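Worksheet: the structure to be examined is printed underneath.
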Amino acid sequence: IKRITTHVIQEMKNRGEKITCLTAYDYSMAGIVDAAGVELILVGDSASNVMAGHETTLPITIDQMIYHASSVVRAVKRALVVVDLPFGSYQGNSREALNSAIRIMKESGAHAVKLEGGLEVKDSITRILSAGVPVMGHLGLTPQSIYKFGTYTVRAKQEAEAQKLLEDAKMLEEVGCFSMVLEKIPSKLTKQVSESVNIPTIGIGAGPHADGQVLVIHDLLGINKAFKPRFLRHYADLNGVMTDAITNYISDVKGKSFPNESESY
Ligand code: KIV
Ligand code: NA
């Protein structure tokens, strides 16, 4: 199998071919996601929510991200694996950011890192890039700043914030990021950004004009029925499938039909 590289996804944008990305946090799920054929697998700090049950992404640590990322890397044969730098691991100064990125690359075997923000984290991004580590940016709704925003609603609806986002996007391209996530911004702004930068934009809740799309795998699979924001399409009802399987198991054990003769030694 030919591995996906940052160059491959750049060529996809150049050709106008959409890029697909999904999250994964563990070996078993990552193997399925990779075999299905997405180009990018993101070990997102959304693991803090979907794997650990925290309300926000803030509590997850570098060590926990490395645990998830190394599990994913062991399963992936083709996709480019990108790992989120967690909250607090890159905002302090660029040396700290570099240390965090190096730890993640060395200890997990991932291929790139992602971090949130624009101008505020420019020095951190530049320093990580200078060590030869590919960096994916992340603009718009950046969940590590949720307590600044106050809500998870759409960002950059006002002209001033949209202008800053556009400038940040151009900066990310200029310093050498290989791509960027655009999260929960108006479709029109996504179009403008995607046409203004040459590197691929990967959207979530950002409309159809991004060069690629990303979703949290648990959301796409319908594992948490209660979570259904407008931007999400449920491609399966895994919650229903799993619940049926588990209730069938319970009734078979209680009804003494499992295990049967041929399932016994
Ligand atoms: O952590 C995450 O899952 C993400 C994506 C939703 C972009 O950052
Ligand atoms: Na994230």
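Naming scheme: A, B, ... for chains in displayed order of the structure tokens; residues 1 onward per chain; ligands 1 onward as shown.
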Exercise for review: Using only C-alpha atoms, determine which residues lie at most 7 Å from A:Leu80, disregarding the query and same-chain residues fewer than 3 positions distant; provide the list as a list of chain:residue names.
Suggested key: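 Using only C-alpha atoms, the neighbours found are A:Ile4, A:Thr5, A:Glu39, A:Leu40, A:Ile41, A:His111.
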Please produce an output containing C-alpha atoms for each residue in the selection, written as a short mmCIF file (atom, residue, chain, number, x, y, z; two decimals), in the first residue's frame.
data_model
loop_
_atom_site.label_atom_id
_atom_site.label_comp_id
_atom_site.auth_asym_id
_atom_site.auth_seq_id
_atom_site.Cartn_x
_atom_site.Cartn_y
_atom_site.Cartn_z
CA ILE A 4 -0.51 9.07 2.15
CA THR A 5 1.88 11.98 2.64
CA GLU A 39 -6.57 9.89 3.63
CA LEU A 40 -6.17 11.47 7.08
CA ILE A 41 -6.74 10.06 10.55
CA HIS A 111 3.23 11.74 11.09
#
Review point. If you run DSSP on this backbone, which residues of stretch 135-264 of chain A come out as alpha helix (DSSP H), and could you give them as a PyMOL selection string?
Key: chain A and resi 146-149+159-175+187-196+217-220+238-254
May I have the residues from that selection written out with C-alpha atoms, as an mmCIF file, in the first residue's frame?
data_model
loop_
_atom_site.group_PDB
_atom_site.id
_atom_site.type_symbol
_atom_site.label_atom_id
_atom_site.label_comp_id
_atom_site.auth_asym_id
_atom_site.auth_seq_id
_atom_site.Cartn_x
_atom_site.Cartn_y
_atom_site.Cartn_z
ATOM 1 C CA ILE A 146 -14.338 27.339 24.812
ATOM 2 C CA TYR A 147 -14.261 29.346 28.046
ATOM 3 C CA LYS A 148 -13.256 32.433 26.061
ATOM 4 C CA PHE A 149 -16.066 31.890 23.510
ATOM 5 C CA GLU A 159 -16.736 40.909 9.649
ATOM 6 C CA ALA A 160 -13.895 41.637 12.121
ATOM 7 C CA GLU A 161 -13.564 38.022 13.234
ATOM 8 C CA ALA A 162 -13.884 36.803 9.633
ATOM 9 C CA GLN A 163 -11.079 39.172 8.557
ATOM 10 C CA LYS A 164 -8.815 37.950 11.360
ATOM 11 C CA LEU A 165 -9.537 34.344 10.418
ATOM 12 C CA LEU A 166 -8.640 35.031 6.783
ATOM 13 C CA GLU A 167 -5.385 36.684 7.848
ATOM 14 C CA ASP A 168 -4.583 33.802 10.207
ATOM 15 C CA ALA A 169 -5.226 31.326 7.382
ATOM 16 C CA LYS A 170 -2.813 33.180 5.098
ATOM 17 C CA MET A 171 -0.237 33.241 7.905
ATOM 18 C CA LEU A 172 -0.592 29.462 8.420
ATOM 19 C CA GLU A 173 0.112 28.925 4.740
ATOM 20 C CA GLU A 174 3.005 31.394 4.729
ATOM 21 C CA VAL A 175 4.846 29.803 7.670
ATOM 22 C CA SER A 187 -19.898 28.410 4.380
ATOM 23 C CA LYS A 188 -19.144 31.657 2.548
ATOM 24 C CA LEU A 189 -16.033 32.285 4.668
ATOM 25 C CA THR A 190 -14.817 28.706 4.124
ATOM 26 C CA LYS A 191 -15.082 29.301 0.374
ATOM 27 C CA GLN A 192 -13.148 32.543 0.641
ATOM 28 C CA VAL A 193 -10.383 30.983 2.763
ATOM 29 C CA SER A 194 -10.127 27.870 0.576
ATOM 30 C CA GLU A 195 -9.723 30.039 -2.521
ATOM 31 C CA SER A 196 -7.226 32.363 -0.801
ATOM 32 C CA ILE A 217 -15.919 8.848 14.166
ATOM 33 C CA HIS A 218 -18.303 8.253 17.087
ATOM 34 C CA ASP A 219 -20.550 11.028 15.750
ATOM 35 C CA LEU A 220 -20.626 9.653 12.177
ATOM 36 C CA LEU A 238 -24.380 2.060 15.933
ATOM 37 C CA ASN A 239 -26.010 2.894 19.248
ATOM 38 C CA GLY A 240 -29.045 0.872 18.104
ATOM 39 C CA VAL A 241 -26.952 -1.941 16.636
ATOM 40 C CA MET A 242 -24.875 -2.238 19.796
ATOM 41 C CA THR A 243 -27.839 -2.003 22.141
ATOM 42 C CA ASP A 244 -29.677 -4.749 20.184
ATOM 43 C CA ALA A 245 -26.613 -7.007 20.260
ATOM 44 C CA ILE A 246 -26.098 -6.513 23.980
ATOM 45 C CA THR A 247 -29.777 -7.013 24.922
ATOM 46 C CA ASN A 248 -29.853 -10.190 22.767
ATOM 47 C CA TYR A 249 -26.795 -11.470 24.608
ATOM 48 C CA ILE A 250 -28.392 -10.726 27.971
ATOM 49 C CA SER A 251 -31.625 -12.529 27.056
ATOM 50 C CA ASP A 252 -29.742 -15.544 25.605
ATOM 51 C CA VAL A 253 -27.678 -15.955 28.769
ATOM 52 C CA LYS A 254 -30.697 -15.531 31.027
#
Exercise for review: For A:Leu115, work out the shell of residues within 7 Å, counting only C-alpha atoms and skipping chain neighbours fewer than 2 positions away, then give it as a ChimeraX atom specification.
Suggested key: /A:84-85,113,117,136-138
Residues from the last selection, C-alpha atoms, saved as a PDB file, in the first residue's frame:
ATOM      1  CA  ASP A  84      -3.651  17.137  18.399  1.00  0.00           C
ATOM      2  CA  LEU A  85      -1.311  18.975  20.732  1.00  0.00           C
ATOM      3  CA  VAL A 113       0.653  17.429  14.717  1.00  0.00           C
ATOM      4  CA  GLY A 117      -5.028  29.229  16.782  1.00  0.00           C
ATOM      5  CA  MET A 136      -1.928  21.269  10.578  1.00  0.00           C
ATOM      6  CA  GLY A 137      -3.577  24.503  11.737  1.00  0.00           C
ATOM      7  CA  HIS A 138      -7.057  24.840  13.241  1.00  0.00           C
TER       8      HIS A 138
END
**Study point:** Close residues, stretch 47-60 of chain A itself excluded, 12 Å, only C-alpha atoms, min 5 positions apart in chain, as a VMD selection string
**Key:** chain A and resid 23 to 26 42 65 to 69 83 to 89 116 142 to 147 150 to 152 216 to 219 223 to 224 227
Check your understanding: When DSSP works through the backbone of this structure, what residues of stretch 24-89 of chain A end up as strand (DSSP E or B), shown as a list in words?
Key ->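 After running DSSP on the backbone, stretch 24-89 of chain A has strand (DSSP E or B) at Leu40, Ile41, Leu42, Val43, Leu80, Val81, Val82, Val83 and Asp84 of chain A.
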Please identify all protein, DNA and RNA residues within 6 Å of ligand 2, counting only C-alpha atoms and all ligand atoms, and report them as a PDB file with N, CA and C atoms, in the first residue's frame.
ATOM      1  N   GLY A  44      -7.714  13.181  17.650  1.00  0.00           N
ATOM      2  CA  GLY A  44      -8.146  14.484  18.162  1.00  0.00           C
ATOM      3  C   GLY A  44      -8.149  14.507  19.677  1.00  0.00           C
ATOM      4  N   ASP A  45      -8.006  15.716  20.210  1.00  0.00           N
ATOM      5  CA  ASP A  45      -8.160  15.838  21.663  1.00  0.00           C
ATOM      6  C   ASP A  45      -9.639  15.721  22.048  1.00  0.00           C
ATOM      7  N   SER A  46     -10.503  15.525  21.033  1.00  0.00           N
ATOM      8  CA  SER A  46     -11.897  15.156  21.297  1.00  0.00           C
ATOM      9  C   SER A  46     -11.954  13.809  22.016  1.00  0.00           C
ATOM     10  N   ASP A  84      -3.446  15.837  17.765  1.00  0.00           N
ATOM     11  CA  ASP A  84      -3.651  17.137  18.399  1.00  0.00           C
ATOM     12  C   ASP A  84      -2.643  17.369  19.518  1.00  0.00           C
TER      13      ASP A  84
END
Check your understanding: So what do you get for atom CA of A:Val33 versus atom CA of A:Thr201, distance-wise?
Key ->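 One can read the atom CA of A:Val33 to atom CA of A:Thr201 distance as 20.5 Å.
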Practice item. Record the distance separating atom CA of A:Leu215 and atom CA of A:Thr126, expressed in Å with one decimal. Key: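 Distance between the two atoms: 27.1 Å.
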Review point. Suppose you want the space between atom CA of A:Val38 and atom CA of A:Leu141; what is it in Å?
Key: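 If I compute the distance from atom CA of A:Val38 to atom CA of A:Leu141, I get 23.4 Å.
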Exercise for review: Find, counting only C-alpha atoms, the residue in A:Ala79, A:Val135, A:Val181, A:Ile199 that gets nearest to A:Ala35.
Suggested key: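 Comparing A:Ala79, A:Val135, A:Val181, A:Ile199 against A:Ala35, the winner is A:Ala79.
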